[in-house]
file structure.cif (mmCIF, C-alpha atoms)
data_start
#
loop_
_atom_site.label_atom_id
_atom_site.label_comp_id
_atom_site.auth_asym_id
_atom_site.auth_seq_id
_atom_site.Cartn_x
_atom_site.Cartn_y
_atom_site.Cartn_z
CA MET A 608 -18.17 -8.35 -14.08
CA ARG A 609 -19.38 -11.81 -13.00
CA ARG A 610 -16.00 -13.30 -13.86
CA HIS A 611 -14.19 -10.77 -11.64
CA ARG A 612 -16.54 -11.42 -8.73
CA THR A 613 -15.79 -15.16 -9.07
CA VAL A 614 -12.10 -14.46 -9.08
CA ALA A 615 -12.47 -12.35 -5.96
CA ALA A 616 -13.93 -15.37 -4.19
CA VAL A 617 -10.59 -17.15 -4.28
CA LEU A 618 -8.46 -14.20 -3.32
CA LEU A 619 -6.99 -13.29 0.00
CA SER A 620 -6.79 -9.61 -0.87
CA VAL A 621 -3.81 -8.17 0.78
CA GLY A 622 -6.70 -5.85 1.34
CA ALA A 623 -5.96 -8.62 3.53
CA LEU A 624 -3.59 -5.89 3.93
CA LEU A 625 -5.83 -3.81 6.08
CA THR A 626 -4.55 -3.53 9.62
CA GLY A 627 -4.25 -0.86 12.18
CA ALA A 628 -1.86 -1.53 15.04
CA LEU A 629 0.02 1.55 16.14
CA THR A 630 1.95 2.99 18.98
CA ALA A 631 2.29 6.64 19.93
CA THR A 632 3.49 9.16 17.38
CA THR A 633 6.07 11.77 18.21
CA ALA A 634 4.78 14.32 15.71
CA GLN A 635 3.94 17.69 17.23
CA ALA A 636 0.31 18.31 18.07
CA THR A 637 0.20 21.11 15.53
CA GLU A 638 1.07 18.60 12.79
CA GLN A 639 -1.60 16.06 13.74
CA PRO A 640 -5.01 15.90 12.16
CA VAL A 641 -7.42 16.07 15.09
CA PHE A 642 -8.81 12.58 14.49
CA TRP A 643 -5.49 10.71 14.64
CA THR A 644 -4.48 11.32 18.22
CA ALA A 645 -1.71 9.16 19.68
CA GLU A 646 -4.27 7.41 21.89
CA ARG A 647 -6.50 6.51 18.95
CA MET A 648 -3.58 5.17 16.94
CA ARG A 649 -2.38 3.12 19.90
CA SER A 650 -5.80 1.57 20.34
CA ALA A 651 -6.43 0.78 16.67
CA THR A 652 -7.37 -2.89 16.32
CA PRO A 653 -5.21 -5.09 14.08
CA LEU A 654 -7.49 -6.31 11.30
CA ASP A 655 -7.17 -8.86 8.53
CA LEU A 656 -9.58 -9.01 5.62
CA GLU A 657 -10.42 -12.57 4.54
CA VAL A 658 -12.33 -13.40 1.36
CA THR A 659 -14.03 -16.79 1.58
CA PRO A 660 -15.12 -19.06 -1.31
CA SER A 661 -18.69 -17.89 -0.73
CA ALA A 662 -17.46 -14.30 -1.36
CA ARG A 663 -18.41 -13.30 2.17
CA THR A 664 -15.86 -10.99 3.75
CA THR A 665 -15.22 -10.90 7.45
CA LEU A 666 -12.93 -8.90 9.66
CA LYS A 667 -10.94 -10.78 12.23
CA GLN A 668 -8.31 -9.92 14.80
CA VAL A 669 -4.77 -10.80 13.80
CA ALA A 670 -2.45 -12.62 16.18
CA ARG A 671 0.79 -10.82 16.97
CA SER A 672 4.23 -12.34 16.94
CA SER A 673 7.11 -11.35 19.19
CA THR A 674 9.63 -12.55 16.61
CA PRO A 675 9.29 -10.63 13.33
CA THR A 676 11.12 -12.03 10.32
CA THR A 677 14.73 -10.91 10.12
CA ILE A 678 16.69 -11.58 6.93
CA ALA A 679 19.74 -9.85 5.45
CA PRO A 680 18.43 -6.44 4.32
CA THR A 681 19.80 -6.21 0.81
CA ALA A 682 19.93 -9.83 -0.38
CA PHE A 683 18.50 -10.51 -3.85
CA PRO A 684 16.23 -12.37 -4.14
CA GLN A 685 14.61 -11.43 -0.82
CA PRO A 686 11.34 -13.08 0.34
CA GLY A 687 10.73 -10.50 3.05
CA GLY A 688 12.67 -8.68 5.74
CA PRO A 689 13.38 -5.26 7.29
CA TRP A 690 14.88 -2.62 5.01
CA THR A 691 18.07 -1.24 6.56
CA GLY A 692 19.65 0.06 3.37
CA GLY A 693 18.57 3.66 3.91
CA GLY A 694 18.16 6.01 0.95
CA GLU A 695 15.15 7.92 -0.32
CA VAL A 696 12.70 5.04 0.06
CA VAL A 697 12.68 5.41 3.84
CA LYS A 698 11.25 8.93 3.40
CA THR A 699 8.93 8.47 0.42
CA SER A 700 7.21 5.31 1.65
CA GLY A 701 4.95 5.30 4.66
CA ARG A 702 1.83 4.05 6.38
CA VAL A 703 -1.68 5.10 5.43
CA PHE A 704 -4.35 5.36 8.13
CA PHE A 705 -8.12 5.61 7.68
CA THR A 706 -11.44 4.41 9.03
CA PHE A 707 -13.06 1.38 7.38
CA GLN A 708 -16.52 0.14 8.41
CA GLY A 709 -16.25 2.25 11.55
CA ARG A 710 -12.85 0.84 12.54
CA THR A 711 -9.37 2.27 12.35
CA ALA A 712 -7.18 0.49 9.81
CA SER A 713 -3.99 0.91 7.80
CA CYS A 714 -2.31 0.30 4.46
CA SER A 715 0.94 1.53 2.90
CA GLY A 716 1.70 4.19 0.29
CA ASN A 717 4.43 6.12 -1.50
CA ALA A 718 5.08 9.74 -2.49
CA VAL A 719 5.74 10.16 -6.22
CA THR A 720 6.87 12.97 -8.47
CA SER A 721 3.89 15.14 -9.40
CA GLN A 722 2.88 18.61 -10.56
CA ASN A 723 1.24 19.39 -7.23
CA GLN A 724 4.06 17.86 -5.16
CA SER A 725 1.31 16.28 -3.07
CA THR A 726 0.45 12.92 -4.67
CA VAL A 727 0.54 9.56 -2.88
CA ILE A 728 0.08 6.27 -4.75
CA THR A 729 -1.50 3.32 -2.95
CA ALA A 730 -3.90 0.43 -3.65
CA GLY A 731 -7.49 1.02 -4.74
CA HIS A 732 -8.86 -0.87 -1.76
CA CYS A 733 -6.85 1.46 0.48
CA VAL A 734 -9.06 4.38 -0.58
CA LYS A 735 -12.38 2.61 -1.35
CA TYR A 736 -13.64 -0.86 -0.52
CA GLN A 737 -16.98 -2.68 -0.55
CA GLY A 738 -18.62 0.32 -2.15
CA ALA A 739 -17.55 2.91 0.40
CA TRP A 740 -14.77 5.49 0.44
CA HIS A 741 -12.56 5.43 3.51
CA THR A 742 -12.62 8.42 5.83
CA GLU A 743 -10.10 10.24 8.04
CA TRP A 744 -7.38 9.34 5.52
CA VAL A 745 -3.79 10.34 6.37
CA PHE A 746 -0.32 9.47 5.07
CA VAL A 747 2.59 9.07 7.51
CA PRO A 748 5.84 8.99 5.49
CA GLY A 749 8.92 7.46 7.10
CA TYR A 750 6.83 5.81 9.80
CA ASP A 751 9.13 4.15 12.33
CA ASN A 752 7.73 2.25 15.29
CA GLY A 753 5.22 4.87 16.28
CA ASN A 754 7.22 7.90 15.17
CA ALA A 755 6.06 10.27 12.42
CA PRO A 756 9.36 12.05 11.61
CA TYR A 757 7.90 13.90 8.61
CA GLY A 758 4.45 14.54 10.06
CA GLN A 759 0.97 13.29 9.19
CA TRP A 760 -0.48 14.42 5.86
CA LYS A 761 -4.24 14.62 5.52
CA ALA A 762 -5.90 13.76 2.19
CA THR A 763 -7.96 16.47 0.53
CA LYS A 764 -8.99 14.02 -2.20
CA THR A 765 -8.77 10.25 -2.75
CA LEU A 766 -9.15 8.66 -6.18
CA THR A 767 -9.07 5.27 -7.86
CA THR A 768 -9.44 3.77 -11.34
CA PRO A 769 -12.92 3.63 -12.94
CA GLN A 770 -12.74 -0.18 -12.97
CA TRP A 771 -12.00 -0.44 -9.26
CA GLU A 772 -14.58 2.20 -8.40
CA ALA A 773 -17.33 0.49 -10.43
CA SER A 774 -16.77 -3.22 -9.72
CA GLU A 775 -13.57 -3.62 -7.65
CA ASP A 776 -11.81 -5.30 -10.56
CA ILE A 777 -8.60 -6.70 -9.06
CA ASN A 778 -6.65 -5.87 -12.24
CA TYR A 779 -7.12 -2.15 -11.52
CA ASP A 780 -6.55 -2.06 -7.75
CA VAL A 781 -4.72 1.27 -7.81
CA GLY A 782 -5.49 4.31 -5.69
CA ALA A 783 -4.14 7.82 -5.22
CA ALA A 784 -4.47 10.59 -2.69
CA VAL A 785 -3.77 14.30 -2.81
CA VAL A 786 -2.63 15.58 0.57
CA ALA A 787 -2.86 19.08 2.01
CA PRO A 788 0.26 21.14 2.74
CA LEU A 789 1.66 20.82 6.25
CA ASN A 790 3.20 23.79 8.02
CA GLY A 791 3.25 25.66 4.71
CA ARG A 792 5.13 22.97 2.77
CA THR A 793 4.08 20.40 0.19
CA LEU A 794 4.61 16.69 0.74
CA THR A 795 7.44 15.99 -1.66
CA SER A 796 9.30 19.19 -0.78
CA VAL A 797 9.69 17.50 2.62
CA THR A 798 10.05 13.80 1.75
CA GLY A 799 11.39 13.80 -1.79
CA ALA A 800 9.63 11.70 -4.42
CA GLN A 801 10.05 8.52 -6.45
CA GLY A 802 9.65 8.40 -10.21
CA ILE A 803 6.73 6.50 -11.72
CA GLN A 804 6.49 4.48 -14.95
CA PHE A 805 3.59 3.17 -17.01
CA ASN A 806 3.39 0.41 -19.65
CA GLY A 807 6.84 -0.80 -18.66
CA GLY A 808 6.27 -4.51 -19.40
CA TYR A 809 6.53 -7.67 -17.32
CA ASN A 810 9.22 -10.08 -16.10
CA LYS A 811 11.62 -7.62 -14.49
CA PRO A 812 13.65 -7.51 -11.28
CA MET A 813 11.43 -5.82 -8.68
CA TYR A 814 11.70 -4.42 -5.17
CA ALA A 815 8.47 -4.21 -3.14
CA PHE A 816 8.07 -2.22 0.10
CA GLY A 817 5.38 -1.93 2.74
CA PHE A 818 4.43 -1.90 6.40
CA PRO A 819 2.88 -5.32 7.14
CA ALA A 820 1.40 -5.56 10.62
CA ALA A 821 0.01 -9.12 10.68
CA SER A 822 2.21 -11.89 12.09
CA PRO A 823 5.14 -12.38 11.80
CA TYR A 824 5.38 -8.60 11.35
CA ASP A 825 4.12 -5.93 13.73
CA GLY A 826 3.80 -2.77 11.58
CA SER A 827 6.68 -1.08 13.34
CA LYS A 828 9.10 -0.78 10.42
CA LEU A 829 9.57 -0.78 6.66
CA ILE A 830 9.74 -4.28 5.14
CA HIS A 831 10.82 -5.22 1.63
CA CYS A 832 10.88 -8.09 -0.83
CA ALA A 833 13.04 -8.38 -3.95
CA GLY A 834 13.26 -10.80 -6.84
CA ASN A 835 12.51 -11.45 -10.48
CA SER A 836 8.83 -10.82 -11.14
CA SER A 837 6.57 -12.68 -13.54
CA LYS A 838 3.05 -12.29 -14.94
CA ASP A 839 0.17 -13.94 -13.11
CA PHE A 840 -0.83 -17.08 -15.01
CA LEU A 841 -4.03 -17.64 -13.02
CA PHE A 842 -6.85 -15.09 -12.85
CA SER A 843 -5.39 -11.62 -13.26
CA GLN A 844 -3.08 -9.56 -15.47
CA ASP A 845 -0.96 -8.59 -12.46
CA HIS A 846 2.73 -8.80 -11.66
CA SER A 847 3.71 -11.66 -9.36
CA LEU A 848 6.58 -11.72 -6.85
CA ALA A 849 7.72 -14.18 -4.17
CA CYS A 850 7.05 -12.20 -0.99
CA ASN A 851 5.83 -12.99 2.53
CA MET A 852 4.52 -9.54 3.45
CA THR A 853 1.19 -9.67 5.29
CA GLY A 854 -1.74 -7.48 6.35
CA GLY A 855 -0.94 -3.75 6.27
CA SER A 856 1.42 -3.84 3.28
CA SER A 857 -1.31 -3.16 0.69
CA GLY A 858 -0.53 -0.09 -1.37
CA GLY A 859 3.20 -0.25 -0.75
CA PRO A 860 5.31 0.51 -3.85
CA TRP A 861 6.95 -1.86 -6.33
CA PHE A 862 10.02 -0.49 -8.10
CA THR A 863 11.94 -1.41 -11.21
CA GLY A 864 15.46 -0.10 -11.77
CA PHE A 865 15.80 0.22 -8.00
CA SER A 866 19.17 1.28 -6.58
CA GLU A 867 19.99 -0.14 -3.15
CA THR A 868 22.59 2.59 -2.78
CA THR A 869 20.28 5.57 -3.26
CA GLY A 870 16.97 3.93 -2.37
CA THR A 871 15.37 5.18 -5.59
CA GLY A 872 13.61 3.57 -8.53
CA LEU A 873 10.62 3.85 -10.84
CA GLN A 874 7.33 2.82 -9.26
CA VAL A 875 5.46 0.36 -11.49
CA SER A 876 2.94 -1.30 -9.16
CA VAL A 877 1.64 -1.60 -5.58
CA ASN A 878 1.07 -4.50 -3.20
CA SER A 879 -2.47 -5.64 -3.98
CA PHE A 880 -3.45 -9.22 -3.15
CA GLY A 881 -2.49 -12.85 -2.64
CA TYR A 882 -4.32 -16.06 -3.51
CA THR A 883 -5.56 -18.08 -0.52
CA PHE A 884 -4.12 -21.25 -2.05
CA LEU A 885 -0.73 -19.77 -2.99
CA PRO A 886 1.06 -18.50 0.15
CA ASN A 887 4.13 -16.27 0.20
CA ARG A 888 3.44 -14.71 -3.20
CA MET A 889 2.32 -11.12 -3.71
CA PHE A 890 0.51 -9.71 -6.72
CA GLY A 891 0.45 -6.12 -7.93
CA PRO A 892 -1.57 -4.43 -10.72
CA TYR A 893 0.06 -3.56 -14.02
CA PHE A 894 0.43 0.21 -14.38
CA GLY A 895 -1.06 0.73 -17.84
CA ASN A 896 -3.10 3.51 -19.44
CA ASP A 897 -5.78 3.50 -16.75
CA ALA A 898 -3.24 3.87 -13.94
CA LYS A 899 -1.62 6.68 -15.94
CA ALA A 900 -4.98 8.46 -16.25
CA LEU A 901 -5.49 8.13 -12.50
CA TYR A 902 -2.04 9.55 -11.79
CA ASP A 903 -2.68 12.48 -14.14
CA ARG A 904 -5.99 13.26 -12.41
CA ALA A 905 -4.29 13.17 -9.02
CA GLN A 906 -1.27 15.30 -9.87
CA ALA A 907 -3.48 17.98 -11.44
CA SER A 908 -5.66 18.17 -8.32
CA SER A 909 -5.29 20.37 -5.29
#

call {"tool": "encode", "arguments": {"input": "structure.cif", "output": "structure tokens"}}
result
Amino acid sequence: MRRHRTVAAVLLSVGALLTGALTATTAQATEQPVFWTAERMRSATPLDLEVTPSARTTLKQVARSSTPTTIAPTAFPQPGGPWTGGGEVVKTSGRVFFTFQGRTASCSGNAVTSQNQSTVITAGHCVKYQGAWHTEWVFVPGYDNGNAPYGQWKATKTLTTPQWEASEDINYDVGAAVVAPLNGRTLTSVTGAQGIQFNGGYNKPMYAFGFPAASPYDGSKLIHCAGNSSKDFLFSQDHSLACNMTGGSSGGPWFTGFSETTGTGLQVSVNSFGYTFLPNRMFGPYFGNDAKALYDRAQASS
């Protein structure tokens, strides 16, 4: 446990990836959880979580940029840019909103195939962080510059791995949520779902997606990175990918076998963290047996 706490001291957790800048949603009032009114989402403060060498975490306001990164949408490799390729990923991926330490904040998430048709996969720190479970948790699939075209889906249960829950071990930074039906329908009957794979190995071509909201991004649209992944050779057992996504992208899906034509693949990780001394590189936990057990618990829940 002491080793993992030391490691955490040199991480800029893309828990760094907590941010909460939003504009108005166009979802109907009947589809909105009472807490997440358009006004509250508009006024959510952009946050960035910084982990210092002394292991003290502070929340700070993130500067905004008027010139988000724009790079060809389907180039491979891709260090970060808007996804304009269409396909299923624009419906299955979305933003996650919750309260953290009394503030509104956001991450990213993805709808996956499941028995209950209601399972969202995200990062562990996007459901629980610094010993506390987040509250007022909702998933907004297909989020697009303030619009919620498929509604807002409220979590009935959030879960994480035993290792993240007990000691916030960065190797197991995986979370899941089960969301309630909306207007009589289940989540994936509305959005579709991506496949998920466990124990798939390392060193594969990967596509990563998320909704970064820290500069140079503004949280308004789906961003992606693509390239050949490797295994972290420093302090974790995670996947590593060249990627410039910033705060807000935590919990966004990583896919192997991804088709740019259909926007589908097998989810094998999530955006998790970056090292403070190694910019423009994202790390994501390996989906092994513990991630599989988490997924099985989630998909069997209601």

call {"tool": "residues_around", "arguments": {"input": "structure.cif", "residues": "region 691-706 of chain A", "least_positions_apart": "3", "cutoff": "7 Å", "atoms": "all atoms listed in the file", "output": "PDB file with C-alpha atoms, in the frame of the given file"}}
result
ATOM      1  CA  PRO A 680      18.430  -6.440   4.320  1.00  0.00           C
ATOM      2  CA  THR A 681      19.800  -6.210   0.810  1.00  0.00           C
ATOM      3  CA  GLY A 709     -16.250   2.250  11.550  1.00  0.00           C
ATOM      4  CA  ARG A 710     -12.850   0.840  12.540  1.00  0.00           C
ATOM      5  CA  THR A 711      -9.370   2.270  12.350  1.00  0.00           C
ATOM      6  CA  ALA A 712      -7.180   0.490   9.810  1.00  0.00           C
ATOM      7  CA  SER A 713      -3.990   0.910   7.800  1.00  0.00           C
ATOM      8  CA  CYS A 714      -2.310   0.300   4.460  1.00  0.00           C
ATOM      9  CA  SER A 715       0.940   1.530   2.900  1.00  0.00           C
ATOM     10  CA  GLY A 716       1.700   4.190   0.290  1.00  0.00           C
ATOM     11  CA  ASN A 717       4.430   6.120  -1.500  1.00  0.00           C
ATOM     12  CA  ALA A 718       5.080   9.740  -2.490  1.00  0.00           C
ATOM     13  CA  HIS A 741     -12.560   5.430   3.510  1.00  0.00           C
ATOM     14  CA  THR A 742     -12.620   8.420   5.830  1.00  0.00           C
ATOM     15  CA  GLU A 743     -10.100  10.240   8.040  1.00  0.00           C
ATOM     16  CA  TRP A 744      -7.380   9.340   5.520  1.00  0.00           C
ATOM     17  CA  VAL A 745      -3.790  10.340   6.370  1.00  0.00           C
ATOM     18  CA  PHE A 746      -0.320   9.470   5.070  1.00  0.00           C
ATOM     19  CA  VAL A 747       2.590   9.070   7.510  1.00  0.00           C
ATOM     20  CA  PRO A 748       5.840   8.990   5.490  1.00  0.00           C
ATOM     21  CA  GLY A 749       8.920   7.460   7.100  1.00  0.00           C
ATOM     22  CA  TYR A 750       6.830   5.810   9.800  1.00  0.00           C
ATOM     23  CA  THR A 798      10.050  13.800   1.750  1.00  0.00           C
ATOM     24  CA  GLY A 799      11.390  13.800  -1.790  1.00  0.00           C
ATOM     25  CA  ALA A 800       9.630  11.700  -4.420  1.00  0.00           C
ATOM     26  CA  GLN A 801      10.050   8.520  -6.450  1.00  0.00           C
ATOM     27  CA  PHE A 818       4.430  -1.900   6.400  1.00  0.00           C
ATOM     28  CA  GLU A 867      19.990  -0.140  -3.150  1.00  0.00           C
ATOM     29  CA  THR A 868      22.590   2.590  -2.780  1.00  0.00           C
ATOM     30  CA  THR A 869      20.280   5.570  -3.260  1.00  0.00           C
ATOM     31  CA  GLY A 870      16.970   3.930  -2.370  1.00  0.00           C
ATOM     32  CA  THR A 871      15.370   5.180  -5.590  1.00  0.00           C
TER      33      THR A 871
END

call {"tool": "closest_residue", "arguments": {"input": "structure.cif", "among": "A:Tyr824, A:Trp760, A:Tyr736, A:Tyr809", "to": "Gln844 (chain A)", "atoms": "all atoms listed in the file"}}
result
A:Tyr809

call {"tool": "resolve_selection", "arguments": {"input": "structure.cif", "expression": "the PyMOL selection byres ((chain A and resi 861) around 10)", "output": "list in words"}}
result
Asn717, Ile803, Met813, Tyr814, Ala815, Phe816, Gly817, His831, Cys832, Ala833, His846, Leu848, Gly858, Gly859, Pro860, Phe862, Thr863, Phe865, Gly872, Leu873, Gln874, Val875, Ser876, Val877, Asn878, Gly891 and Pro892 of chain A

call {"tool": "atom_distance", "arguments": {"input": "structure.cif", "atom1": "CA of Ile830 (chain A)", "atom2": "CA of Gly687 (chain A)"}}
result
6.6 Å

call {"tool": "atom_distance", "arguments": {"input": "structure.cif", "atom1": "CA of Ser856 (chain A)", "atom2": "CA of Ala820 (chain A)"}}
result
7.5 Å

call {"tool": "closest_residue", "arguments": {"input": "structure.cif", "among": "A:Phe894, A:Phe707, A:Phe884, A:Phe642", "to": "Thr768 (chain A)", "atoms": "all atoms listed in the file"}}
result
A:Phe894

call {"tool": "atom_distance", "arguments": {"input": "structure.cif", "atom1": "CA of Gly881 (chain A)", "atom2": "CA of Ser774 (chain A)"}}
result
18.6 Å

call {"tool": "resolve_selection", "arguments": {"input": "structure.cif", "expression": "the PyMOL selection byres ((chain A and resi 898) around 10)", "output": "list of chain:residue names"}}
result
A:Thr767, A:Thr768, A:Pro769, A:Tyr779, A:Asp780, A:Val781, A:Gly782, A:Ala783, A:Gln804, A:Phe805, A:Asn806, A:Val875, A:Ser876, A:Pro892, A:Tyr893, A:Phe894, A:Gly895, A:Asn896, A:Asp897, A:Lys899, A:Ala900, A:Leu901, A:Tyr902, A:Asp903, A:Arg904

call {"tool": "write_last_selection", "arguments": {"input": "structure.cif", "atoms": "C-alpha atoms", "output": "mmCIF file, keeping the file's coordinate frame"}}
result
data_model
loop_
_atom_site.group_PDB
_atom_site.id
_atom_site.type_symbol
_atom_site.label_atom_id
_atom_site.label_comp_id
_atom_site.auth_asym_id
_atom_site.auth_seq_id
_atom_site.Cartn_x
_atom_site.Cartn_y
_atom_site.Cartn_z
ATOM 1 C CA THR A 767 -9.070 5.270 -7.860
ATOM 2 C CA THR A 768 -9.440 3.770 -11.340
ATOM 3 C CA PRO A 769 -12.920 3.630 -12.940
ATOM 4 C CA TYR A 779 -7.120 -2.150 -11.520
ATOM 5 C CA ASP A 780 -6.550 -2.060 -7.750
ATOM 6 C CA VAL A 781 -4.720 1.270 -7.810
ATOM 7 C CA GLY A 782 -5.490 4.310 -5.690
ATOM 8 C CA ALA A 783 -4.140 7.820 -5.220
ATOM 9 C CA GLN A 804 6.490 4.480 -14.950
ATOM 10 C CA PHE A 805 3.590 3.170 -17.010
ATOM 11 C CA ASN A 806 3.390 0.410 -19.650
ATOM 12 C CA VAL A 875 5.460 0.360 -11.490
ATOM 13 C CA SER A 876 2.940 -1.300 -9.160
ATOM 14 C CA PRO A 892 -1.570 -4.430 -10.720
ATOM 15 C CA TYR A 893 0.060 -3.560 -14.020
ATOM 16 C CA PHE A 894 0.430 0.210 -14.380
ATOM 17 C CA GLY A 895 -1.060 0.730 -17.840
ATOM 18 C CA ASN A 896 -3.100 3.510 -19.440
ATOM 19 C CA ASP A 897 -5.780 3.500 -16.750
ATOM 20 C CA LYS A 899 -1.620 6.680 -15.940
ATOM 21 C CA ALA A 900 -4.980 8.460 -16.250
ATOM 22 C CA LEU A 901 -5.490 8.130 -12.500
ATOM 23 C CA TYR A 902 -2.040 9.550 -11.790
ATOM 24 C CA ASP A 903 -2.680 12.480 -14.140
ATOM 25 C CA ARG A 904 -5.990 13.260 -12.410
#

call {"tool": "closest_residue", "arguments": {"input": "structure.cif", "among": "A:Gly834, A:Pro788, A:Gly688, A:Gly738", "to": "Gly864 (chain A)", "atoms": "all atoms listed in the file"}}
result
A:Gly834

call {"tool": "closest_residue", "arguments": {"input": "structure.cif", "among": "A:Ala784, A:Gly802, A:Asp845, A:Ser908", "to": "Val734 (chain A)", "atoms": "all atoms listed in the file"}}
result
A:Ala784

call {"tool": "closest_residue", "arguments": {"input": "structure.cif", "among": "A:Ser796, A:Thr765, A:Ser857, A:Gln906", "to": "Ser879 (chain A)", "atoms": "all atoms listed in the file"}}
result
A:Ser857

call {"tool": "closest_residue", "arguments": {"input": "structure.cif", "among": "A:Ser827, A:Gln685, A:Gln737, A:Asn778", "to": "Phe880 (chain A)", "atoms": "only C-alpha atoms"}}
result
A:Asn778

call {"tool": "residues_around", "arguments": {"input": "structure.cif", "residues": "Pro819 (chain A)", "least_positions_apart": "2", "cutoff": "6 Å", "atoms": "only C-alpha atoms", "output": "list in words"}}
result
Ala821, Tyr824, Gly826, Met852, Thr853, Gly854, Gly855 and Ser856 of chain A
